>>> print(open('query04.txt').read())   # compact mmCIF, C-alpha atoms and all ligand atoms
# COMPACT_ATOMS: atom_id res chain seq x y z
CA MET A 1 -12.71 -19.71 -7.61
CA SER A 2 -14.81 -16.59 -7.64
CA ASN A 3 -17.14 -15.78 -10.49
CA ALA A 4 -16.77 -12.06 -10.07
CA SER A 5 -15.39 -9.98 -12.91
CA PHE A 6 -13.28 -6.85 -12.62
CA ALA A 7 -16.27 -4.95 -14.05
CA ASP A 8 -18.23 -5.92 -10.92
CA LEU A 9 -15.58 -4.29 -8.75
CA ALA A 10 -16.39 -0.74 -9.83
CA LEU A 11 -12.91 0.08 -11.05
CA SER A 12 -12.66 2.89 -13.56
CA PRO A 13 -12.36 2.24 -17.32
CA ARG A 14 -8.68 3.27 -17.17
CA LEU A 15 -7.83 0.47 -14.73
CA GLN A 16 -10.14 -2.03 -16.45
CA GLN A 17 -8.29 -1.41 -19.70
CA THR A 18 -4.89 -1.91 -18.08
CA LEU A 19 -6.06 -5.18 -16.52
CA SER A 20 -7.38 -6.44 -19.80
CA GLU A 21 -4.11 -5.49 -21.53
CA LEU A 22 -2.26 -7.45 -18.84
CA GLY A 23 -4.49 -10.42 -19.55
CA TYR A 24 -6.12 -10.46 -16.11
CA ALA A 25 -9.51 -12.05 -16.86
CA THR A 26 -10.99 -12.33 -13.38
CA PRO A 27 -10.10 -11.14 -9.88
CA THR A 28 -8.46 -13.65 -7.58
CA PRO A 29 -10.53 -14.61 -4.50
CA ILE A 30 -8.79 -12.09 -2.24
CA GLN A 31 -9.24 -9.35 -4.83
CA ALA A 32 -12.95 -10.15 -5.20
CA ALA A 33 -13.42 -10.12 -1.43
CA ALA A 34 -11.25 -7.18 -0.43
CA ILE A 35 -11.41 -4.62 -3.24
CA PRO A 36 -15.10 -3.69 -2.66
CA ALA A 37 -14.43 -3.18 1.07
CA ILE A 38 -11.41 -0.97 0.34
CA LEU A 39 -13.31 1.09 -2.22
CA ALA A 40 -16.07 1.54 0.36
CA GLY A 41 -13.52 3.12 2.69
CA ARG A 42 -13.20 0.27 5.18
CA ASP A 43 -10.03 -0.66 7.04
CA LEU A 44 -8.92 -4.17 6.14
CA LEU A 45 -7.20 -7.11 7.79
CA ALA A 46 -6.21 -9.61 5.13
CA GLY A 47 -4.62 -13.01 5.70
CA ALA A 48 -2.87 -13.67 2.44
CA GLN A 49 0.40 -15.06 1.18
CA THR A 50 2.43 -14.18 -1.86
CA GLY A 51 0.94 -15.64 -5.02
CA THR A 52 -2.68 -14.89 -4.10
CA GLY A 53 -2.72 -11.61 -6.00
CA LYS A 54 -2.40 -9.62 -2.77
CA THR A 55 -0.39 -6.78 -4.31
CA ALA A 56 -3.10 -5.88 -6.83
CA THR A 57 -5.62 -6.25 -4.00
CA PHE A 58 -4.37 -3.03 -2.44
CA VAL A 59 -2.73 -1.29 -5.41
CA LEU A 60 -5.83 -1.27 -7.64
CA PRO A 61 -8.25 0.30 -5.14
CA LEU A 62 -5.58 2.76 -3.95
CA LEU A 63 -5.07 3.96 -7.53
CA GLU A 64 -8.83 4.15 -7.97
CA LEU A 65 -9.42 6.16 -4.79
CA LEU A 66 -6.51 8.51 -5.53
CA MET A 67 -7.82 9.10 -9.07
CA GLN A 68 -11.38 9.72 -7.91
CA GLN A 69 -10.27 12.67 -5.77
CA PRO A 70 -7.41 14.34 -7.62
CA GLN A 71 -5.06 16.45 -5.54
CA GLN A 72 -4.51 19.95 -6.93
CA ALA A 73 -1.84 21.19 -4.52
CA SER A 74 1.67 21.72 -5.85
CA PRO A 75 3.91 19.97 -4.99
CA ARG A 76 1.51 17.12 -4.39
CA PRO A 77 1.48 15.71 -0.86
CA ILE A 78 2.02 12.01 -0.23
CA ARG A 79 -1.48 10.56 0.05
CA ALA A 80 -0.78 6.83 0.21
CA LEU A 81 2.03 4.95 1.94
CA VAL A 82 2.81 1.26 1.52
CA LEU A 83 5.14 -0.07 4.21
CA VAL A 84 7.06 -3.25 3.41
CA PRO A 85 9.71 -5.20 5.34
CA THR A 86 12.37 -5.53 2.65
CA ARG A 87 13.94 -3.82 -0.30
CA GLU A 88 13.01 -6.75 -2.56
CA LEU A 89 9.35 -6.44 -1.69
CA ALA A 90 9.53 -2.65 -2.06
CA VAL A 91 10.79 -3.02 -5.63
CA GLN A 92 8.14 -5.63 -6.38
CA VAL A 93 5.30 -3.43 -5.09
CA PHE A 94 6.71 -0.41 -6.93
CA ASP A 95 6.76 -2.39 -10.19
CA SER A 96 3.12 -3.32 -9.65
CA VAL A 97 2.17 0.30 -8.94
CA GLU A 98 3.90 1.42 -12.12
CA ARG A 99 2.29 -1.35 -14.16
CA TYR A 100 -1.27 -0.90 -12.88
CA GLY A 101 -0.94 2.88 -12.65
CA GLN A 102 0.03 3.55 -16.26
CA GLY A 103 -2.10 6.32 -17.73
CA THR A 104 -3.52 7.40 -14.38
CA GLY A 105 -1.26 10.45 -14.06
CA LEU A 106 -0.38 9.42 -10.50
CA ALA A 107 3.24 9.56 -9.35
CA SER A 108 4.88 6.98 -7.12
CA ALA A 109 8.30 6.67 -5.52
CA LEU A 110 10.35 4.14 -3.63
CA VAL A 111 12.55 4.55 -0.56
CA TYR A 112 14.58 1.79 1.06
CA GLY A 113 17.83 1.51 2.91
CA GLY A 114 21.27 0.42 1.81
CA VAL A 115 21.53 2.91 -1.05
CA SER A 116 22.27 6.63 -1.27
CA ILE A 117 19.53 8.76 0.29
CA ALA A 118 20.23 11.76 -1.99
CA ALA A 119 18.72 10.32 -5.18
CA GLN A 120 15.63 9.32 -3.22
CA VAL A 121 15.28 12.84 -1.81
CA GLU A 122 15.48 14.23 -5.35
CA ALA A 123 12.74 11.87 -6.57
CA LEU A 124 10.47 13.01 -3.73
CA LYS A 125 10.80 16.69 -4.60
CA ALA A 126 8.73 16.41 -7.76
CA GLY A 127 5.69 15.41 -5.71
CA VAL A 128 4.53 11.89 -5.07
CA ASP A 129 1.01 10.54 -4.61
CA LEU A 130 1.98 7.05 -3.52
CA LEU A 131 5.13 6.10 -1.64
CA ILE A 132 6.48 2.60 -1.07
CA ALA A 133 8.97 2.37 1.79
CA THR A 134 10.81 0.25 4.29
CA PRO A 135 10.31 1.61 7.83
CA GLY A 136 13.92 2.48 8.76
CA ARG A 137 14.76 4.50 5.67
CA LEU A 138 11.37 6.21 5.77
CA LEU A 139 12.16 7.43 9.29
CA ASP A 140 15.53 8.73 8.05
CA HIS A 141 13.72 10.79 5.41
CA LEU A 142 11.23 12.12 7.94
CA ARG A 143 14.02 13.09 10.35
CA GLN A 144 15.85 14.91 7.54
CA GLY A 145 12.66 16.75 6.63
CA ALA A 146 12.77 15.27 3.11
CA LEU A 147 9.14 14.27 3.28
CA ARG A 148 5.97 14.76 5.29
CA LEU A 149 3.13 12.38 6.00
CA GLY A 150 0.71 14.89 7.53
CA GLN A 151 -1.73 14.58 4.63
CA LEU A 152 -1.66 10.82 4.36
CA GLU A 153 -5.05 9.28 3.53
CA PHE A 154 -4.12 5.62 3.00
CA LEU A 155 -1.68 3.44 4.95
CA VAL A 156 -0.85 -0.13 3.90
CA PHE A 157 1.20 -2.73 5.76
CA ASP A 158 2.34 -5.47 3.40
CA GLU A 159 3.75 -8.64 5.00
CA ALA A 160 3.17 -7.14 8.44
CA ASP A 161 4.19 -10.37 10.16
CA ARG A 162 7.64 -10.17 8.58
CA MET A 163 7.92 -6.52 9.59
CA LEU A 164 7.37 -7.52 13.22
CA ASP A 165 9.72 -10.53 12.91
CA MET A 166 12.42 -8.17 11.67
CA GLY A 167 12.00 -5.97 14.74
CA PHE A 168 10.41 -2.92 13.11
CA MET A 169 7.88 -2.26 15.89
CA ASP A 170 9.77 0.77 17.27
CA GLU A 171 10.03 2.29 13.80
CA ILE A 172 6.33 1.67 13.20
CA THR A 173 5.44 3.34 16.49
CA ALA A 174 7.59 6.35 15.61
CA LEU A 175 6.05 6.57 12.13
CA LEU A 176 2.49 6.45 13.41
CA LYS A 177 3.11 9.66 15.38
CA GLN A 178 3.60 11.48 12.07
CA ILE A 179 0.60 10.03 10.28
CA PRO A 180 -2.97 11.34 10.66
CA ALA A 181 -5.19 9.11 12.81
CA ASP A 182 -8.00 9.83 10.37
CA ARG A 183 -6.86 7.59 7.53
CA GLN A 184 -7.78 4.28 5.93
CA THR A 185 -5.48 1.42 6.96
CA LEU A 186 -5.00 -1.92 5.22
CA LEU A 187 -2.93 -4.70 6.75
CA PHE A 188 -1.74 -7.83 4.95
CA SER A 189 -0.10 -10.72 6.74
CA ALA A 190 0.52 -14.36 5.96
CA THR A 191 0.41 -15.35 9.63
CA CYS A 192 -1.15 -14.03 12.82
CA ASP A 193 0.16 -14.22 16.39
CA ASP A 194 -0.29 -12.16 19.57
CA ASN A 195 2.12 -9.45 18.41
CA LEU A 196 0.37 -9.05 15.11
CA PHE A 197 -2.99 -8.98 16.84
CA ALA A 198 -1.73 -6.21 19.13
CA LEU A 199 -0.53 -4.22 16.12
CA CYS A 200 -3.93 -4.65 14.43
CA LYS A 201 -5.66 -3.33 17.54
CA VAL A 202 -3.56 -0.18 17.40
CA LEU A 203 -3.87 0.32 13.66
CA LEU A 204 -7.26 -0.81 12.47
CA ARG A 205 -10.75 0.52 13.08
CA ASP A 206 -13.58 -1.98 12.60
CA PRO A 207 -11.68 -3.72 9.80
CA ALA A 208 -13.21 -5.92 7.14
CA LEU A 209 -11.68 -9.38 7.54
CA VAL A 210 -10.58 -11.37 4.52
CA GLU A 211 -8.68 -14.61 4.53
CA VAL A 212 -7.71 -16.83 1.64
CA ALA A 213 -5.99 -20.19 1.53
CA PRO A 214 -2.52 -20.13 -0.03
P1 LIG B 1 1.11 -11.42 -5.63
O1 LIG B 1 0.35 -12.40 -4.78
O2 LIG B 1 0.65 -10.03 -5.42
O3 LIG B 1 2.59 -11.59 -5.47
O4 LIG B 1 0.75 -11.75 -7.17
C1 LIG B 1 1.09 -12.96 -7.80
C2 LIG B 1 1.05 -12.86 -9.31
O5 LIG B 1 -0.28 -12.90 -9.78
C3 LIG B 1 1.66 -11.60 -9.89
O6 LIG B 1 2.55 -11.98 -10.90
C4 LIG B 1 0.48 -10.84 -10.50
O7 LIG B 1 0.87 -10.15 -11.66
C5 LIG B 1 -0.51 -11.94 -10.80
N1 LIG B 1 -1.92 -11.53 -10.69
C6 LIG B 1 -2.47 -10.77 -9.72
N2 LIG B 1 -3.80 -10.66 -9.88
C7 LIG B 1 -4.12 -11.35 -10.99
C8 LIG B 1 -5.36 -11.63 -11.69
N3 LIG B 1 -6.52 -11.14 -11.25
N4 LIG B 1 -5.30 -12.39 -12.80
C9 LIG B 1 -4.12 -12.89 -13.23
N5 LIG B 1 -2.92 -12.69 -12.63
C10 LIG B 1 -2.91 -11.93 -11.51
>>> encode(input="query04.txt", output="structure tokens")
Amino acid sequence: MSNASFADLALSPRLQQTLSELGYATPTPIQAAAIPAILAGRDLLAGAQTGTGKTATFVLPLLELLMQQPQQASPRPIRALVLVPTRELAVQVFDSVERYGQGTGLASALVYGGVSIAAQVEALKAGVDLLIATPGRLLDHLRQGALRLGQLEFLVFDEADRMLDMGFMDEITALLKQIPADRQTLLFSATCDDNLFALCKVLLRDPALVEVAP
């Protein structure tokens, strides 16, 4: 176990308070290792499974970085995108963003397939700082002109290995064409093979490497 505290991780008082209200006493090992690198602006390659605290590992520093540089434009552009393979994971990540993001004033939204696109389009109109999405439905929204990713600053791949297993590589390639190259990218994966390695080479610039045992 790590001996670090959340106070050592340079998170703002707002987030510290939320974590203490949630009863999170100390960061998990992946949080202690990865959050400082993310806050320092590094790309990240993290080998981590569910149950390690991986969601908070990217959600907390994203909220922190978004809060540190508030966006004044109206409507607010999407600044952070979390790509996930499934609707279930999308909902789970969204719940975490809502929970950790309370009181930050940041807005998040969720888009995934299999449900009506109209309600999702409506939710996007109000302006969203952080979007959680499955690749196929996100492309649908982009093709319809319902959202733009031209001002994206942070891109996260959660469970990237499952995204590749599910055959999302074409969607990912199409998405990357609409996302600024000058962004910070974080990639989480439970496993690593040649395909994942190839994706990392395309996505990540000099990433910090963090791996934790399940
Ligand atoms: P995850 O690996 O992201 O699916 O998280 C697993 C569970 O650990 C979730 O229920 C989180 O709410 C919880 N969790 C994440 N970080 C911490 C922490 N530092 N202290 C206590 N619980 C945590």
>>> closest_atom_pairs(input="query04.txt", of="chain A", to="ligand LIG 1 (chain B)", cutoff="6 Å", atoms="all atoms listed in the file", output="CSV")
residue,atom,partner,partner_atom,distance
A:Tyr24,CA,B:LIG1,N4,3.9
A:Ala25,CA,B:LIG1,N4,5.9
A:Thr26,CA,B:LIG1,N3,5.1
A:Pro27,CA,B:LIG1,N3,3.8
A:Thr28,CA,B:LIG1,N3,4.9
A:Thr50,CA,B:LIG1,O1,4.0
A:Gly51,CA,B:LIG1,O1,3.3
A:Thr52,CA,B:LIG1,O1,4.0
A:Gly53,CA,B:LIG1,O1,3.4
A:Lys54,CA,B:LIG1,O2,4.1
A:Thr55,CA,B:LIG1,O2,3.6
A:Ala56,CA,B:LIG1,N2,5.7
>>> closest_atom_pairs(input="query04.txt", of="stretch 26-106 of chain A", to="stretch 172-189 of chain A", cutoff="10 Å", atoms="all atoms listed in the file", output="CSV")
residue,atom,partner,partner_atom,distance
A:Ala34,CA,A:Leu186,CA,9.9
A:Ile38,CA,A:Leu186,CA,8.1
A:Gly41,CA,A:Gln184,CA,6.7
A:Arg42,CA,A:Gln184,CA,6.8
A:Asp43,CA,A:Thr185,CA,5.0
A:Leu44,CA,A:Leu186,CA,4.6
A:Leu45,CA,A:Leu187,CA,5.0
A:Ala46,CA,A:Phe188,CA,4.8
A:Gly47,CA,A:Ser189,CA,5.2
A:Ala48,CA,A:Ser189,CA,5.9
A:Gln49,CA,A:Ser189,CA,7.1
A:Thr50,CA,A:Ser189,CA,9.6
A:Lys54,CA,A:Phe188,CA,8.0
A:Thr55,CA,A:Phe188,CA,9.4
A:Thr57,CA,A:Phe188,CA,9.9
A:Phe58,CA,A:Leu186,CA,7.8
A:Arg79,CA,A:Arg183,CA,9.7
A:Ala80,CA,A:Gln184,CA,9.4
A:Leu81,CA,A:Thr185,CA,9.7
A:Val82,CA,A:Leu186,CA,9.2
A:Leu83,CA,A:Ile172,CA,9.2
>>> write_last_selection(input="query04.txt", atoms="C-alpha atoms", output="mmCIF file, keeping the file's coordinate frame")
data_model
loop_
_atom_site.group_PDB
_atom_site.id
_atom_site.type_symbol
_atom_site.label_atom_id
_atom_site.label_comp_id
_atom_site.auth_asym_id
_atom_site.auth_seq_id
_atom_site.Cartn_x
_atom_site.Cartn_y
_atom_site.Cartn_z
ATOM 1 C CA ALA A 34 -11.250 -7.180 -0.430
ATOM 2 C CA ILE A 38 -11.410 -0.970 0.340
ATOM 3 C CA GLY A 41 -13.520 3.120 2.690
ATOM 4 C CA ARG A 42 -13.200 0.270 5.180
ATOM 5 C CA ASP A 43 -10.030 -0.660 7.040
ATOM 6 C CA LEU A 44 -8.920 -4.170 6.140
ATOM 7 C CA LEU A 45 -7.200 -7.110 7.790
ATOM 8 C CA ALA A 46 -6.210 -9.610 5.130
ATOM 9 C CA GLY A 47 -4.620 -13.010 5.700
ATOM 10 C CA ALA A 48 -2.870 -13.670 2.440
ATOM 11 C CA GLN A 49 0.400 -15.060 1.180
ATOM 12 C CA THR A 50 2.430 -14.180 -1.860
ATOM 13 C CA LYS A 54 -2.400 -9.620 -2.770
ATOM 14 C CA THR A 55 -0.390 -6.780 -4.310
ATOM 15 C CA THR A 57 -5.620 -6.250 -4.000
ATOM 16 C CA PHE A 58 -4.370 -3.030 -2.440
ATOM 17 C CA ARG A 79 -1.480 10.560 0.050
ATOM 18 C CA ALA A 80 -0.780 6.830 0.210
ATOM 19 C CA LEU A 81 2.030 4.950 1.940
ATOM 20 C CA VAL A 82 2.810 1.260 1.520
ATOM 21 C CA LEU A 83 5.140 -0.070 4.210
#
>>> closest_residue(input="query04.txt", among="A:Leu63, A:Leu149, A:Val111, A:Val93", to="A:Pro135", atoms="all atoms listed in the file")
A:Val111
>>> residues_around(input="query04.txt", residues="A:Gly101", least_positions_apart="2", cutoff="10 Å", atoms="all atoms listed in the file", output="PDB file with C-alpha atoms, keeping the file's coordinate frame")
ATOM      1  CA  ARG A  14      -8.680   3.270 -17.170  1.00  0.00           C
ATOM      2  CA  LEU A  15      -7.830   0.470 -14.730  1.00  0.00           C
ATOM      3  CA  THR A  18      -4.890  -1.910 -18.080  1.00  0.00           C
ATOM      4  CA  VAL A  59      -2.730  -1.290  -5.410  1.00  0.00           C
ATOM      5  CA  LEU A  60      -5.830  -1.270  -7.640  1.00  0.00           C
ATOM      6  CA  LEU A  62      -5.580   2.760  -3.950  1.00  0.00           C
ATOM      7  CA  LEU A  63      -5.070   3.960  -7.530  1.00  0.00           C
ATOM      8  CA  GLU A  64      -8.830   4.150  -7.970  1.00  0.00           C
ATOM      9  CA  MET A  67      -7.820   9.100  -9.070  1.00  0.00           C
ATOM     10  CA  ASP A  95       6.760  -2.390 -10.190  1.00  0.00           C
ATOM     11  CA  SER A  96       3.120  -3.320  -9.650  1.00  0.00           C
ATOM     12  CA  VAL A  97       2.170   0.300  -8.940  1.00  0.00           C
ATOM     13  CA  GLU A  98       3.900   1.420 -12.120  1.00  0.00           C
ATOM     14  CA  ARG A  99       2.290  -1.350 -14.160  1.00  0.00           C
ATOM     15  CA  GLY A 103      -2.100   6.320 -17.730  1.00  0.00           C
ATOM     16  CA  THR A 104      -3.520   7.400 -14.380  1.00  0.00           C
ATOM     17  CA  GLY A 105      -1.260  10.450 -14.060  1.00  0.00           C
ATOM     18  CA  LEU A 106      -0.380   9.420 -10.500  1.00  0.00           C
ATOM     19  CA  ALA A 107       3.240   9.560  -9.350  1.00  0.00           C
ATOM     20  CA  SER A 108       4.880   6.980  -7.120  1.00  0.00           C
TER      21      SER A 108
END
>>> atom_distance(input="query04.txt", atom1="atom CA of A:Tyr112", atom2="atom CA of A:Glu88")
9.4 Å
>>> atom_distance(input="query04.txt", atom1="atom CA of A:Pro85", atom2="atom CA of A:Ile35")
22.8 Å
>>> closest_residue(input="query04.txt", among="A:Ala109, A:Met169, A:Pro70, A:Pro13", to="A:Val202", atoms="all atoms listed in the file")
A:Met169
>>> closest_residue(input="query04.txt", among="A:Gln72, A:Leu139, A:Asp193, A:Ile78", to="A:Asp170", atoms="all atoms listed in the file")
A:Leu139
>>> closest_residue(input="query04.txt", among="A:Glu171, A:Asp165, A:Phe157, A:Ala126", to="A:Asp140", atoms="only C-alpha atoms")
A:Glu171
>>> atom_distance(input="query04.txt", atom1="atom CA of A:Ala146", atom2="atom CA of A:Ala119")
11.3 Å
>>> closest_residue(input="query04.txt", among="A:Gln92, A:Ser20, A:Ser12, A:Thr191", to="A:Pro61", atoms="only C-alpha atoms")
A:Ser12
>>> residues_near_point(input="query04.txt", point="(20.6, -3.6, 5.3)", cutoff="9 Å", atoms="all atoms listed in the file", output="PyMOL selection string")
chain A and resi 86-87+113-114
>>> residues_near_point(input="query04.txt", point="(-16.3, -2.2, -9.3)", cutoff="10 Å", atoms="all atoms listed in the file", output="ChimeraX atom specification")
/A:4-13,16,32,35-36,39,61,64
>>> write_last_selection(input="query04.txt", atoms="C-alpha atoms", output="mmCIF file, in the frame of the given file")
data_model
loop_
_atom_site.group_PDB
_atom_site.id
_atom_site.type_symbol
_atom_site.label_atom_id
_atom_site.label_comp_id
_atom_site.auth_asym_id
_atom_site.auth_seq_id
_atom_site.Cartn_x
_atom_site.Cartn_y
_atom_site.Cartn_z
ATOM 1 C CA ALA A 4 -16.770 -12.060 -10.070
ATOM 2 C CA SER A 5 -15.390 -9.980 -12.910
ATOM 3 C CA PHE A 6 -13.280 -6.850 -12.620
ATOM 4 C CA ALA A 7 -16.270 -4.950 -14.050
ATOM 5 C CA ASP A 8 -18.230 -5.920 -10.920
ATOM 6 C CA LEU A 9 -15.580 -4.290 -8.750
ATOM 7 C CA ALA A 10 -16.390 -0.740 -9.830
ATOM 8 C CA LEU A 11 -12.910 0.080 -11.050
ATOM 9 C CA SER A 12 -12.660 2.890 -13.560
ATOM 10 C CA PRO A 13 -12.360 2.240 -17.320
ATOM 11 C CA GLN A 16 -10.140 -2.030 -16.450
ATOM 12 C CA ALA A 32 -12.950 -10.150 -5.200
ATOM 13 C CA ILE A 35 -11.410 -4.620 -3.240
ATOM 14 C CA PRO A 36 -15.100 -3.690 -2.660
ATOM 15 C CA LEU A 39 -13.310 1.090 -2.220
ATOM 16 C CA PRO A 61 -8.250 0.300 -5.140
ATOM 17 C CA GLU A 64 -8.830 4.150 -7.970
#
>>> axis_aligned_box(input="query04.txt", around="stretch 14-22 of chain A", padding_each_side="5 Å", output="JSON")
{"center_x": -6.2, "center_y": -2.1, "center_z": -18.1, "size_x": 17.9, "size_y": 20.7, "size_z": 16.8}
